[in-house]
Every structure is written in C-alpha cells, then in structure tokens.
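Asks: Sharing a structure below in structure tokens format, with a few things to ask.
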Amino acid sequence: MSIDFEKLFSDLDNVYKACPDLPCIKCGICCSSPHLSFVEFCYFLDYALRAVSQEKLIEIVSKEPEPSKRLNGHIECPLLEDKLCVIHGGRGISCRYIGVPELSAGYGLNEPLCPHITHENMGVKVTVDEIENALDVLAGYNAEIYEYLSEPYYLDALNLQCWFAVCLDKNITQPLFVKLRGIIREKFDLDFLEPYYKNTTRIKEKLDLVDRFFEFNEQQKPQEARFCMEQVRDNFPNTGAYYNTQSHIYIEFMNSLINVVETDPDNRPGSDKGR
Ligand code: SF4
Ligand code: SF4
C-alpha cells in the first residue's frame with residue numbers, strides 16, 4: 001500500500017497546530033508513556049529519527065518500562081528527561097491536550113491530573129467537543145490505512161513501547177500488525193534497533209489471547225473465552241490501556257452468556273431437555 005507521507009504529515013501538522021497553547025510549566029508530572037494512533041506514531045518516528053539520539057531509541061526498545069508513580073495502570077514516559085520532553089515537536093495529540101482540566105476526570109484521581117493549568121490561566125477555552133473533533137480527524141486518517149477500531153483487535157492507539165514491539169517483533173503474526181509493521185519498515189530504517197529489541201510489553205501474548213478468546217467464542221465455550229479475556233484485562237501492565245475497554249465489554253458479555261446457561265432450566269444438570 002502506498003501512503004503519501006508528505007501529505008499525511010502536513011495534515012497532522014495542521015491538526016497539531018490547532019491544539020491550544022497551554023500554560024504548561026513543564027513539571028513533567030502528567031507524563032506517562034503516550035498512547036499514539038498509527039499515523040501519529042509514524043509522525044513521531046519521522047521526528048524522533050531526526051531529533052533523538054540512537055542511544056535513546058535503543059534504550060526505549062530494550063529497557064523494562066517502569067510503572068507510573070502517579071497514574072495507576074500506566075507506565076513512565078521514557079521521553080521525559082530532567083522534566084523536559086525530548087520529543088516535544090513530535091509528541092502526539094494526547095500530550096498536547098493532557099493539561100486541559102476537563103480531561104482529568106478520566107484518570108481516576110481525586111485531584112486534577114495537572115495541578116497548574118486551570119480555566120482561569122488557560123486563556124483560551126477548550127471544550128471536550130473540540131478535542132473529540134480533533135480525535136475524529138485523526139481516526140479518519142487512520143481509517144484510510146487500515147480497518148480502524150474493528151474486531152478483533154480494535155486498534156485505535158498503542159503506547160510507545162507496544163508500537164516499537166509491532167515494528168521489531170516478527171513473532172507478532174496477526175495480519176493487521178504484520179501489515180502495519182510492513183508500512184513502517186518500508187518507510188523508516190529501524191534496522192539499527194533490531195539487535196537491541198527486548199520483549200518488555202508481551203503484547204504478542206496478549207494478541208494471541210485475543211485470538212484464543214474468539215476461537216472459544218466461536219466454539220460456544222464462554223467460560224474458557226472469559227478466562228482468556230480476564231488475562232487480557234489483568235496480566236499485561238506494560239501494554240497500557242490497549243484492549244481495556246474491549247476486555248470489560250467482552251467479559252460482561254461472557255458473564256451474561258454463562259448466566260443464561262446456568263439459569264436456563266433446560267441446561268441445568270439432570271434436565272432431559274435439549275439432549
Ligand atoms: S501539563 Fe501540567 S502536569 Fe503536565 S507537565 Fe505541564 S504543567 Fe506539568
Ligand atoms: S512524549 Fe513528551 S509530553 Fe508526551 S508524555 Fe512523553 S515526555 Fe511527556
């Protein structure tokens with residue numbers, strides 16, 4: 001597939017330029033490994049391969065991620081050095097909006113995620129609608145390249161470490177990820193990272209469990225399917241938020257199926273019906 005990256009990056013520049021200039025004091029406390037959609041990861045790579053040292057990129061693909069001290073279920077951002085972002089111009093949309101007070105509610109904290117940006121000092125008013133519109137535009141760019149947010153993998157975004165795993169781990173054989181790896185590796189020379197890559201996210205195992213979930217579901221084995229999805233939900237902290245929403249939805253659905261089987265008198269042990 002041929003992608004006009006020049007146009008894509010120029011379109012992304014426009015989306016990023018429309019983001020507000022927030023009064024961030026660069027304390028770094030909101031920084032956890034950013035989740036980037038596919039096109040944003042390409043933009044990030046384009047920027048990083050020019051602006052960030054090879055040593056830093058090698059560190060990202062080889063170092064075990066650290067759990068975030070502030071955000072449960074997230075990992076520390078490897079691009080934060082001395083409270084400064086080493087990839088500032090190439091950062092994704094989540095990093096550009098993160099200090100907006102309206103977004104704090106989604107992080108499960110009792111206080112605002114950013115203690116420094118308030119409605120009063122923001123200067124410009126930023127609405128949730130505006131942020132959602134920007135995300136929709138990005139979703140549209142991704143949807144031109146692959147089946148965005150579709151079953152079975154629902155790929156809208158991955159954290160940085162998972163994206164590098166997709167690029168470098170040839171054991172990841174799910175067709176969607178093979179396709180995206182092919183696009184990235186054709187465009188960007190990442191050969192220098194290959195000898196250093198370590199499987200720190202285990203995203204390959206997570207994707208295999210997603211596959212097994214669908215197989216069990218096909219075979220009408222809801223308990224086995226639920227078990228797979230519970231592992232997807234609980235056992236992969238370094239994959240960030242990937243598949244969290246879907247795992248909750250699927251577990252709930254499997255619970256409802258199991259409940260139907262357990263409460264249907266025709267399916268109770270000893271029933272003659274349905275045999
Ligand atoms: S957005 Fe807020 S919390 Fe994040 S670095 Fe800036 S001032 Fe600190
Ligand atoms: S990419 Fe930069 S702005 Fe975003 S979380 Fe990392 S250090 Fe912070």
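The chains in the structure tokens are called A, B, ... from first to last as shown; in each chain the residues are counted from 1, and the ligands are counted from 1 in the order shown.
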6 Å from ligand 2 is the threshold here; counting only C-alpha atoms and all ligand atoms, which polymer residues fall inside it? Answer as a VMD selection string.
Replies: chain A and resid 31 to 34 77 79 to 80 85 87 to 88 91 95
Asks: Quick one: residues within 6 Å of ligand 1, with only C-alpha atoms and all ligand atoms, as a ChimeraX atom specification?
Replies: /A:24-30,98-99,114,116-117
Asks: Return the single residue from A:Ile183, A:Leu109, A:Val39, A:Cys167 that is closest to Tyr197 in chain A, with distances computed using only C-alpha atoms.
Replies: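 The shortest atom-to-atom distance to Tyr197 in chain A comes from A:Cys167.
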Asks: If you count only C-alpha atoms, which residues fall within 8 Å of range 121-130 of chain A, apart from same-chain ones fewer than 5 positions away, as a list of chain:residue names?
Replies: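 Selected residues are A:Pro20, A:Leu22, A:Pro23, A:Val100, A:Glu102, A:Leu103.
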Asks: If you run DSSP on this backbone, which residues of range 193-275 of chain A come out as helix (DSSP H, G or I), and could you give them as a ChimeraX atom specification?
Replies: /A:193-196,203-218,222-234,237-239,244-263,265-267
Asks: Measure the distance from CA of Ile258 in chain A to CA of Tyr154 in chain A in Å and round it to one decimal.
Replies: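 We find that CA of Ile258 in chain A and CA of Tyr154 in chain A lie 24.2 Å from each other.
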Asks: Looking only at the backbone, which of the residues in range 4-205 of chain A does DSSP tag as strand (DSSP E or B), as a PyMOL selection string?
Replies: chain A and resi 32+35-36+67+75-76+80-81+84-85+158-159
Asks: Since we have the selection now, will you write its residues out, keeping N, CA and C atoms, as a PDB file, in the first residue's frame?
Replies:
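Result file follows (selection29.pdb):
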ATOM      1  N   SER A  32       3.075  10.143  31.220  1.00  0.00           N
ATOM      2  CA  SER A  32       3.206   8.687  31.219  1.00  0.00           C
ATOM      3  C   SER A  32       3.268   8.285  29.754  1.00  0.00           C
ATOM      4  N   HIS A  35      -0.055   7.279  24.456  1.00  0.00           N
ATOM      5  CA  HIS A  35      -0.730   6.402  23.514  1.00  0.00           C
ATOM      6  C   HIS A  35      -0.877   7.159  22.199  1.00  0.00           C
ATOM      7  N   LEU A  36      -0.412   6.533  21.145  1.00  0.00           N
ATOM      8  CA  LEU A  36      -0.424   7.174  19.833  1.00  0.00           C
ATOM      9  C   LEU A  36      -1.206   6.313  18.851  1.00  0.00           C
ATOM     10  N   PRO A  67       6.498   1.290  36.109  1.00  0.00           N
ATOM     11  CA  PRO A  67       5.110   1.712  36.357  1.00  0.00           C
ATOM     12  C   PRO A  67       5.069   3.205  36.696  1.00  0.00           C
ATOM     13  N   ILE A  75       2.543   3.498  32.388  1.00  0.00           N
ATOM     14  CA  ILE A  75       3.980   3.381  32.630  1.00  0.00           C
ATOM     15  C   ILE A  75       4.653   4.725  32.379  1.00  0.00           C
ATOM     16  N   GLU A  76       5.808   4.897  33.006  1.00  0.00           N
ATOM     17  CA  GLU A  76       6.516   6.173  32.882  1.00  0.00           C
ATOM     18  C   GLU A  76       6.899   6.416  31.418  1.00  0.00           C
ATOM     19  N   LEU A  80      10.847  11.559  28.796  1.00  0.00           N
ATOM     20  CA  LEU A  80      10.957  12.686  29.735  1.00  0.00           C
ATOM     21  C   LEU A  80      12.349  12.649  30.363  1.00  0.00           C
ATOM     22  N   GLU A  81      13.101  13.731  30.163  1.00  0.00           N
ATOM     23  CA  GLU A  81      14.449  13.802  30.751  1.00  0.00           C
ATOM     24  C   GLU A  81      14.581  15.130  31.462  1.00  0.00           C
ATOM     25  N   LEU A  84      11.882  17.479  31.019  1.00  0.00           N
ATOM     26  CA  LEU A  84      11.625  18.014  29.687  1.00  0.00           C
ATOM     27  C   LEU A  84      11.391  16.879  28.702  1.00  0.00           C
ATOM     28  N   CYS A  85      10.497  17.154  27.743  1.00  0.00           N
ATOM     29  CA  CYS A  85      10.160  16.165  26.728  1.00  0.00           C
ATOM     30  C   CYS A  85      11.215  16.235  25.611  1.00  0.00           C
ATOM     31  N   LEU A 158      -1.732   2.699  20.615  1.00  0.00           N
ATOM     32  CA  LEU A 158      -0.856   1.859  21.439  1.00  0.00           C
ATOM     33  C   LEU A 158       0.136   2.768  22.139  1.00  0.00           C
ATOM     34  N   ASN A 159       0.674   2.302  23.254  1.00  0.00           N
ATOM     35  CA  ASN A 159       1.743   3.108  23.838  1.00  0.00           C
ATOM     36  C   ASN A 159       3.025   2.918  23.024  1.00  0.00           C
TER      37      ASN A 159
END
Asks: Using only C-alpha atoms, determine which residues lie at most 10 Å from range 145-153 of chain A, disregarding the query and same-chain residues fewer than 6 positions distant; provide the list as a list in words.
Replies: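 Neighbouring residues, sequence-local ones excluded: Met1, Ser2, Ile3, Ser37, Phe38, Val39, Ala139, Gln174, Leu176, Phe177, Lys179, Leu180, Ile183, Leu207, Val210, Asp211, Phe213, Phe214, Tyr242, Tyr243 and Gln246 of chain A.
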Asks: Please provide the set of residues having any atom within 9 Å of Leu209 in chain A, restricted to only C-alpha atoms, with same-chain residues fewer than 4 positions apart removed, written as JSON, numbers by chain.
Replies: {"A": [204, 205, 213, 214, 228, 229, 231, 232]}
Asks: To one decimal in Å, tell me the separation between CA of Arg233 in chain A and CA of Ile93 in chain A.
Replies: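 Taking CA of Arg233 in chain A and CA of Ile93 in chain A, their separation equals 25.1 Å.
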Asks: For Gln223 in chain A, which residue out of A:Gln161, A:Asn72, A:Ser94, A:Asn259 is the nearest one, using only C-alpha atoms?
Replies: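 Closest to Gln223 in chain A, using only C-alpha atoms: A:Asn259.
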Asks: Taking only C-alpha atoms into account, name the residue in A:Leu71, A:Leu138, A:Leu168, A:Ile131 that is nearest to Arg96 in chain A.
Replies: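 Closest candidate: A:Ile131.
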Asks: Report as an NGL selection string all protein, DNA and RNA residues lying within 12 Å of Glu55 in chain A, evaluated on only C-alpha atoms, omitting residues in the same chain fewer than 5 positions from it.
Replies: :A and (48-49 or 60-63 or 192-193 or 196)
Asks: Export N, CA and C atoms of the chosen residues as a compact mmCIF listing (two decimals), in the first residue's frame?
Replies:
# COMPACT_ATOMS: atom_id res chain seq x y z
N ALA A 48 11.44 11.65 15.57
CA ALA A 48 12.42 11.09 16.51
C ALA A 48 13.70 10.66 15.81
N LEU A 49 13.58 10.12 14.61
CA LEU A 49 14.79 9.65 13.93
C LEU A 49 15.71 10.81 13.54
N ILE A 60 14.73 2.82 24.66
CA ILE A 60 13.26 2.63 24.69
C ILE A 60 12.89 1.20 24.30
N VAL A 61 13.61 0.62 23.33
CA VAL A 61 13.21 -0.72 22.86
C VAL A 61 13.82 -1.84 23.71
N SER A 62 14.73 -1.48 24.62
CA SER A 62 15.39 -2.55 25.37
C SER A 62 15.15 -2.50 26.88
N LYS A 63 14.73 -1.34 27.38
CA LYS A 63 14.63 -1.19 28.83
C LYS A 63 13.24 -1.59 29.34
N PHE A 192 18.75 -0.61 12.82
CA PHE A 192 19.73 -0.46 13.91
C PHE A 192 19.14 -0.85 15.27
N LEU A 193 17.81 -0.87 15.36
CA LEU A 193 17.19 -1.20 16.66
C LEU A 193 17.04 -2.71 16.87
N TYR A 196 18.77 -4.87 19.53
CA TYR A 196 18.58 -4.45 20.93
C TYR A 196 17.16 -4.71 21.46
Asks: Please, what distance in Å, to one decimal, runs between CA of Phe216 in chain A and CA of Arg181 in chain A?
Replies: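 Distance reported for this atom pair: 27.6 Å.
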Asks: Considering only C-alpha atoms, state which residue in the set A:Cys42, A:Asn255, A:Asp82, A:Lys56 is at the smallest distance from Asp4 in chain A.
Replies: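 Result for the nearest residue to Asp4 in chain A: A:Cys42.
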Asks: For each of A:Lys7, A:Tyr16, A:Gln220, A:Asp46, take the minimum atom-to-atom distance to Phe188 in chain A, counting only C-alpha atoms, then give the residue where this is smallest.
Replies: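 For Phe188 in chain A, the nearest of the given residues is A:Asp46.
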